[in-house]
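The structure file model.cif is reproduced below (mmCIF, C-alpha atoms).
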data_run
loop_
_atom_site.label_atom_id
_atom_site.label_comp_id
_atom_site.auth_asym_id
_atom_site.auth_seq_id
_atom_site.Cartn_x
_atom_site.Cartn_y
_atom_site.Cartn_z
CA MET A 1 -19.90 3.34 -5.34
CA VAL A 2 -16.83 1.60 -6.78
CA ARG A 3 -17.60 2.90 -10.27
CA ARG A 4 -17.98 6.42 -8.86
CA ASN A 5 -14.59 6.25 -7.12
CA LEU A 6 -12.86 4.87 -10.21
CA ARG A 7 -14.26 7.72 -12.30
CA HIS A 8 -12.97 10.23 -9.75
CA THR A 9 -9.53 8.59 -9.89
CA MET A 10 -9.39 8.74 -13.68
CA ARG A 11 -10.25 12.45 -13.52
CA ASN A 12 -7.58 13.15 -10.90
CA PRO A 13 -4.14 13.46 -12.52
CA LEU A 14 -2.44 13.68 -9.11
CA ALA A 15 -3.83 10.30 -8.03
CA LEU A 16 -2.60 8.62 -11.22
CA PHE A 17 0.77 10.38 -10.96
CA ASN A 18 1.31 9.29 -7.36
CA ALA A 19 0.12 5.75 -7.97
CA ILE A 20 2.12 4.95 -11.13
CA ILE A 21 4.65 7.59 -12.21
CA VAL A 22 6.31 8.18 -8.82
CA PRO A 23 6.91 4.45 -8.14
CA ILE A 24 8.46 4.04 -11.60
CA PHE A 25 10.79 6.97 -10.86
CA VAL A 26 11.75 5.38 -7.52
CA VAL A 27 12.53 2.09 -9.31
CA PHE A 28 14.97 3.85 -11.65
CA LEU A 29 16.44 5.84 -8.74
CA MET A 30 17.07 2.86 -6.49
CA VAL A 31 18.31 0.44 -9.18
CA TYR A 32 20.25 2.64 -11.61
CA VAL A 33 21.38 5.53 -9.40
CA LEU A 34 21.82 4.13 -5.89
CA GLY A 35 21.86 0.38 -6.45
CA GLY A 36 25.55 0.20 -7.29
CA ALA A 37 26.44 1.46 -3.81
CA PHE A 38 24.84 -1.52 -2.04
CA SER A 39 26.22 -5.03 -1.66
CA VAL A 40 23.38 -7.49 -1.02
CA GLY A 41 24.87 -10.73 -2.34
CA THR A 42 22.69 -10.84 -5.45
CA ASP A 43 21.59 -8.64 -8.34
CA TYR A 44 20.29 -5.49 -6.70
CA VAL A 45 17.17 -5.33 -8.87
CA ASP A 46 16.19 -8.79 -7.61
CA TYR A 47 16.74 -7.70 -4.02
CA ALA A 48 15.00 -4.32 -4.27
CA THR A 49 11.93 -5.22 -6.35
CA PRO A 50 9.93 -6.78 -3.45
CA GLY A 51 10.50 -3.64 -1.39
CA LEU A 52 9.54 -1.44 -4.32
CA ILE A 53 6.33 -3.43 -4.77
CA ILE A 54 5.34 -2.89 -1.14
CA MET A 55 6.40 0.74 -1.23
CA THR A 56 4.17 1.31 -4.27
CA ILE A 57 1.15 0.67 -2.05
CA GLY A 58 1.89 3.80 -0.03
CA TYR A 59 2.08 6.19 -2.95
CA GLY A 60 -1.60 5.99 -3.86
CA ILE A 61 -3.16 6.36 -0.42
CA GLY A 62 -3.08 10.16 -0.12
CA PRO A 63 -5.83 10.85 -2.69
CA THR A 64 -7.99 8.08 -1.19
CA ALA A 65 -7.72 9.53 2.32
CA THR A 66 -8.63 12.94 0.91
CA ALA A 67 -11.60 11.51 -1.00
CA VAL A 68 -12.91 9.70 2.08
CA ASN A 69 -12.69 12.86 4.14
CA SER A 70 -14.41 14.87 1.40
CA ASP A 71 -17.33 12.43 1.40
CA MET A 72 -17.75 13.04 5.12
CA THR A 73 -17.26 16.81 5.16
CA THR A 74 -19.17 17.80 2.02
CA GLY A 75 -22.46 16.15 3.00
CA PHE A 76 -22.31 13.23 0.57
CA ILE A 77 -22.96 10.72 3.36
CA ASN A 78 -25.98 12.72 4.54
CA ARG A 79 -27.49 12.67 1.06
CA LEU A 80 -27.38 8.87 1.11
CA ARG A 81 -29.75 8.84 4.07
CA VAL A 82 -32.70 9.59 1.76
CA MET A 83 -31.59 6.98 -0.78
CA HIS A 84 -31.93 3.20 -0.76
CA VAL A 85 -28.15 2.81 -0.39
CA SER A 86 -26.11 1.49 2.52
CA ARG A 87 -23.84 4.19 3.87
CA ALA A 88 -21.27 1.52 4.71
CA ALA A 89 -21.00 0.84 0.97
CA VAL A 90 -19.04 4.10 0.72
CA LEU A 91 -16.26 2.74 2.93
CA ASN A 92 -16.18 -0.65 1.22
CA ALA A 93 -16.05 1.02 -2.20
CA HIS A 94 -13.05 3.14 -1.22
CA VAL A 95 -11.17 0.04 -0.05
CA ILE A 96 -12.02 -1.87 -3.24
CA GLU A 97 -11.01 1.10 -5.38
CA ILE A 98 -7.63 1.52 -3.71
CA MET A 99 -7.00 -2.22 -4.06
CA LEU A 100 -7.77 -2.19 -7.79
CA ARG A 101 -5.70 0.92 -8.44
CA THR A 102 -2.76 -0.34 -6.40
CA LEU A 103 -2.73 -3.78 -8.02
CA VAL A 104 -2.59 -2.13 -11.44
CA ALA A 105 0.31 0.06 -10.27
CA ILE A 106 2.13 -3.00 -8.87
CA ALA A 107 1.69 -4.83 -12.19
CA VAL A 108 3.29 -1.84 -13.94
CA ILE A 109 6.19 -1.82 -11.45
CA ILE A 110 6.81 -5.54 -11.97
CA GLY A 111 6.82 -4.98 -15.74
CA VAL A 112 9.36 -2.17 -15.41
CA ALA A 113 11.51 -4.28 -13.08
CA LEU A 114 11.47 -7.16 -15.59
CA LEU A 115 12.72 -4.78 -18.27
CA MET A 116 15.51 -3.73 -15.92
CA GLY A 117 16.67 -7.30 -15.33
CA PHE A 118 14.45 -8.61 -12.54
CA ARG A 119 14.34 -12.40 -12.82
CA PRO A 120 12.15 -14.09 -10.20
CA SER A 121 12.61 -17.83 -9.70
CA ALA A 122 9.24 -18.46 -8.06
CA SER A 123 7.17 -21.51 -8.94
CA PHE A 124 3.43 -21.25 -9.60
CA PRO A 125 2.47 -21.92 -5.93
CA GLU A 126 5.07 -19.37 -4.83
CA TRP A 127 3.61 -16.81 -7.22
CA LEU A 128 0.22 -17.46 -5.63
CA GLY A 129 1.79 -16.90 -2.22
CA ALA A 130 3.39 -13.64 -3.41
CA ILE A 131 0.07 -12.42 -4.81
CA GLY A 132 -1.68 -13.39 -1.58
CA ILE A 133 0.71 -11.44 0.66
CA VAL A 134 0.46 -8.40 -1.63
CA VAL A 135 -3.36 -8.50 -1.55
CA LEU A 136 -3.39 -8.82 2.25
CA THR A 137 -1.01 -5.88 2.55
CA VAL A 138 -3.08 -3.70 0.23
CA LEU A 139 -6.23 -4.61 2.17
CA ALA A 140 -4.59 -3.66 5.48
CA ILE A 141 -3.24 -0.36 4.14
CA GLY A 142 -6.59 0.33 2.46
CA TRP A 143 -8.56 0.11 5.69
CA LEU A 144 -5.96 2.16 7.60
CA THR A 145 -6.18 4.81 4.86
CA VAL A 146 -9.97 4.93 5.04
CA ALA A 147 -9.83 5.18 8.82
CA ALA A 148 -7.28 7.99 8.67
CA GLY A 149 -9.40 9.85 6.13
CA LEU A 150 -12.46 9.59 8.37
CA ALA A 151 -10.56 10.75 11.45
CA ALA A 152 -8.98 13.79 9.78
CA LYS A 153 -10.52 17.21 10.32
CA SER A 154 -10.09 18.36 6.71
CA PRO A 155 -9.20 16.91 3.30
CA GLU A 156 -5.80 18.59 3.48
CA SER A 157 -4.87 16.97 6.79
CA ALA A 158 -6.23 13.63 5.55
CA GLY A 159 -3.59 13.53 2.81
CA ILE A 160 -0.81 14.17 5.33
CA LEU A 161 -1.87 11.26 7.55
CA GLY A 162 -0.74 8.82 4.86
CA VAL A 163 2.88 10.05 4.90
CA PRO A 164 4.07 7.63 7.66
CA LEU A 165 2.85 4.67 5.60
CA MET A 166 4.92 5.98 2.67
CA LEU A 167 8.08 6.41 4.75
CA LEU A 168 8.08 3.21 6.83
CA PRO A 169 9.33 0.97 3.96
CA PHE A 170 12.50 3.09 3.83
CA LEU A 171 13.15 2.07 7.45
CA SER A 172 12.88 -1.63 6.66
CA SER A 173 14.85 -4.25 4.74
CA ALA A 174 13.37 -2.99 1.47
CA PHE A 175 16.67 -1.68 0.06
CA VAL A 176 19.42 -2.95 2.39
CA PRO A 177 19.53 -5.85 4.87
CA ALA A 178 18.47 -4.81 8.36
CA ASP A 179 21.64 -6.26 9.92
CA THR A 180 23.76 -3.70 8.04
CA MET A 181 22.02 -0.77 9.75
CA GLY A 182 23.28 1.09 12.78
CA PRO A 183 22.07 0.52 16.36
CA GLY A 184 18.51 1.61 16.90
CA ALA A 185 17.66 1.67 13.21
CA ARG A 186 18.43 -2.05 12.93
CA GLN A 187 16.17 -3.01 15.83
CA PHE A 188 13.36 -0.81 14.52
CA ALA A 189 13.68 -2.27 11.03
CA GLU A 190 13.68 -5.84 12.31
CA TYR A 191 10.47 -5.50 14.31
CA GLN A 192 8.32 -3.18 12.22
CA PRO A 193 5.61 -4.80 10.04
CA PHE A 194 6.96 -3.92 6.59
CA THR A 195 10.19 -5.87 7.08
CA SER A 196 8.46 -9.21 7.63
CA ILE A 197 6.06 -8.48 4.75
CA ILE A 198 8.89 -7.58 2.37
CA GLU A 199 11.02 -10.55 3.45
CA THR A 200 8.04 -12.87 2.90
CA LEU A 201 7.44 -11.46 -0.56
CA ARG A 202 11.18 -11.66 -1.34
CA GLY A 203 11.23 -15.29 -0.23
CA PHE A 204 8.31 -16.19 -2.48
CA LEU A 205 9.78 -14.42 -5.52
CA THR A 206 13.23 -15.95 -5.07
CA GLY A 207 11.87 -19.45 -4.53
CA ALA A 208 12.99 -19.62 -0.88
CA PRO A 209 9.97 -18.80 1.31
CA SER A 210 10.24 -18.96 5.10
CA ALA A 211 7.25 -20.28 7.04
CA GLY A 212 8.11 -18.31 10.17
CA THR A 213 8.47 -15.01 8.33
CA ALA A 214 5.27 -15.68 6.36
CA ILE A 215 3.28 -16.35 9.54
CA THR A 216 4.58 -13.11 11.06
CA ALA A 217 3.70 -11.13 7.92
CA ILE A 218 0.19 -12.60 7.72
CA ALA A 219 -0.36 -11.85 11.41
CA TRP A 220 0.69 -8.23 10.86
CA CYS A 221 -1.62 -7.90 7.84
CA VAL A 222 -4.62 -9.39 9.63
CA GLY A 223 -3.99 -7.30 12.74
CA LEU A 224 -3.61 -4.05 10.81
CA THR A 225 -6.72 -4.84 8.76
CA LEU A 226 -8.78 -5.36 11.92
CA ILE A 227 -7.41 -2.18 13.49
CA GLY A 228 -8.18 -0.15 10.38
CA TYR A 229 -11.65 -1.69 9.93
CA LEU A 230 -12.73 -1.22 13.55
CA TRP A 231 -11.28 2.30 13.66
CA ALA A 232 -13.05 3.21 10.42
CA ARG A 233 -16.41 1.79 11.51
CA ALA A 234 -16.24 3.48 14.90
CA THR A 235 -15.32 6.86 13.40
CA PHE A 236 -17.88 6.49 10.62
CA THR A 237 -20.68 5.67 13.08
CA LYS A 238 -19.74 8.63 15.24
CA ARG A 239 -19.47 11.18 12.44
CA ALA A 240 -22.23 9.94 10.12
#
Here is the file; what I need is its structure written in the form of structure tokens.
Amino acid sequence: MVRRNLRHTMRNPLALFNAIIVPIFVVFLMVYVLGGAFSVGTDYVDYATPGLIIMTIGYGIGPTATAVNSDMTTGFINRLRVMHVSRAAVLNAHVIEIMLRTLVAIAVIIGVALLMGFRPSASFPEWLGAIGIVVLTVLAIGWLTVAAGLAAKSPESAGILGVPLMLLPFLSSAFVPADTMGPGARQFAEYQPFTSIIETLRGFLTGAPSAGTAITAIAWCVGLTLIGYLWARATFTKRA
């Protein structure tokens, strides 16, 4: 199932464009075009890269949600009933595929950021912590994407359901500190999940991790993963 999904991704130019090209464009936009307008107390590329890494996760979820919905609506799941294959393997394969694709895209983004002057000061254990929080975030977003794809009525609407996950990082501390925002926006940014995740990743990469922020980020990731998994299994059981 994973090999099948990877082949579909390689044959889908839109999926590759969204997953890799668009995040690279956003990196150049935020650092070279808009970065000079922000004062964050450090090199802007160092401040923005953790947010760009997390935001990259959202750009590849649309094609996955569409693919999940297509498997349900085109009869692919029904064909598995006469084969010696677990139908649940379809869901697991979609999550694994989105994780592999997203991790490759994140590696590309980090490479581009390094070329633009990004200089992390993380030690080896801190790099492991950064990788861990990224993997947990991708896993959570992956299951939410699969669940949204299963719940959608059509492949077209499935792709739209991923838009909020793409926009939420903009309403976080990804590009400017939350305390510089206006009333309402600041409170929302402080308490939404992406801010704690981005601040945890930023702490690891700058060599100044915060245990409290890390615990909050991990709790968000675990909670969102459970919500997405249970939602996906319930919808899958109902529709399949």
Exercise for the section: Give as a VMD selection string the residues that the PyMOL selection byres ((chain A and resi 194-198) around 9) matches when applied to the coordinates above. Expected result: chain A and resid 50 to 51 53 to 54 133 to 134 137 168 to 169 171 to 174 178 189 to 193 199 to 203 213 to 214 216 to 218 220 to 221
Using the selection just defined, write its residues with C-alpha atoms as a JSON list (two decimals), keeping the file's coordinate frame.
[["chain", "number", "residue", "atom", "x", "y", "z"],
["A", 50, "PRO", "CA", 9.93, -6.78, -3.45],
["A", 51, "GLY", "CA", 10.50, -3.64, -1.39],
["A", 53, "ILE", "CA", 6.33, -3.43, -4.77],
["A", 54, "ILE", "CA", 5.34, -2.89, -1.14],
["A", 133, "ILE", "CA", 0.71, -11.44, 0.66],
["A", 134, "VAL", "CA", 0.46, -8.40, -1.63],
["A", 137, "THR", "CA", -1.01, -5.88, 2.55],
["A", 168, "LEU", "CA", 8.08, 3.21, 6.83],
["A", 169, "PRO", "CA", 9.33, 0.97, 3.96],
["A", 171, "LEU", "CA", 13.15, 2.07, 7.45],
["A", 172, "SER", "CA", 12.88, -1.63, 6.66],
["A", 173, "SER", "CA", 14.85, -4.25, 4.74],
["A", 174, "ALA", "CA", 13.37, -2.99, 1.47],
["A", 178, "ALA", "CA", 18.47, -4.81, 8.36],
["A", 189, "ALA", "CA", 13.68, -2.27, 11.03],
["A", 190, "GLU", "CA", 13.68, -5.84, 12.31],
["A", 191, "TYR", "CA", 10.47, -5.50, 14.31],
["A", 192, "GLN", "CA", 8.32, -3.18, 12.22],
["A", 193, "PRO", "CA", 5.61, -4.80, 10.04],
["A", 199, "GLU", "CA", 11.02, -10.55, 3.45],
["A", 200, "THR", "CA", 8.04, -12.87, 2.90],
["A", 201, "LEU", "CA", 7.44, -11.46, -0.56],
["A", 202, "ARG", "CA", 11.18, -11.66, -1.34],
["A", 203, "GLY", "CA", 11.23, -15.29, -0.23],
["A", 213, "THR", "CA", 8.47, -15.01, 8.33],
["A", 214, "ALA", "CA", 5.27, -15.68, 6.36],
["A", 216, "THR", "CA", 4.58, -13.11, 11.06],
["A", 217, "ALA", "CA", 3.70, -11.13, 7.92],
["A", 218, "ILE", "CA", 0.19, -12.60, 7.72],
["A", 220, "TRP", "CA", 0.69, -8.23, 10.86],
["A", 221, "CYS", "CA", -1.62, -7.90, 7.84]]
Exercise for the section: Would you mind reading off the distance between CA of Phe175 (chain A) and CA of Leu224 (chain A), one decimal, in Å? Expected result: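 Separation of CA of Phe175 (chain A) and CA of Leu224 (chain A): 23.1 Å.
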Problem - Explicit residues for the PyMOL selection byres ((chain A and resi 107-123) around 10) (as a PyMOL selection string) - result: chain A and resi 20-21+23-28+31-32+43-50+52-53+56+102-106+124-130+202-209
Mind giving me the axis-aligned box for region 157-174 of chain A with 8 Å on every side, centre plus edges in Å to one decimal, as AutoDock Vina command-line options?
--center_x 4.3 --center_y 6.4 --center_z 4.6 --size_x 37.1 --size_y 37.2 --size_z 22.2
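Comparing A:Thr66, A:Gln187, A:Ser210, A:Thr235 by their smallest distance to Ala158 (chain A), the closest is A:Thr66 (using all atoms listed in the file).
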Exercise for the section: Take CA of Met99 (chain A) and CA of His84 (chain A) and report the distance between them in Å, one decimal. Expected result: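 Taking CA of Met99 (chain A) and CA of His84 (chain A), their separation equals 25.7 Å.
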Handout entry: Pairwise distance for CA of Phe38 (chain A) and CA of Val163 (chain A), rounded to one decimal in Å
Key = 25.8 Å
Exercise for the section: Return as JSON, numbers by chain the set of residues that the PyMOL selection byres ((chain A and resi 159) around 10) yields on the displayed structure. Expected result: {"A": [61, 62, 63, 64, 65, 66, 67, 69, 145, 148, 149, 152, 154, 155, 156, 157, 158, 160, 161, 162, 163]}
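Remark: for Asn5 (chain A), the closest of the candidate residues A:Met166, A:Val222, A:Leu230, A:Val90 is A:Val90 (distances computed over all atoms listed in the file).
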Exercise for the section: Take the point (-4.9, -0.1, 2.0) as written in the file and pick out every residue within 10 Å of it, counting only C-alpha atoms; give the list as a ChimeraX atom specification. Expected result: /A:57-58,60-61,64,94-99,102,135-147,165,224-225,228
Handout entry: Best match for closeness to Leu100 (chain A) among A:Ala88, A:Gly223, A:Arg186, A:Ala19, counting all atoms listed in the file
Key =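 Among A:Ala88, A:Gly223, A:Arg186, A:Ala19, it is A:Ala19 that comes nearest to Leu100 (chain A).
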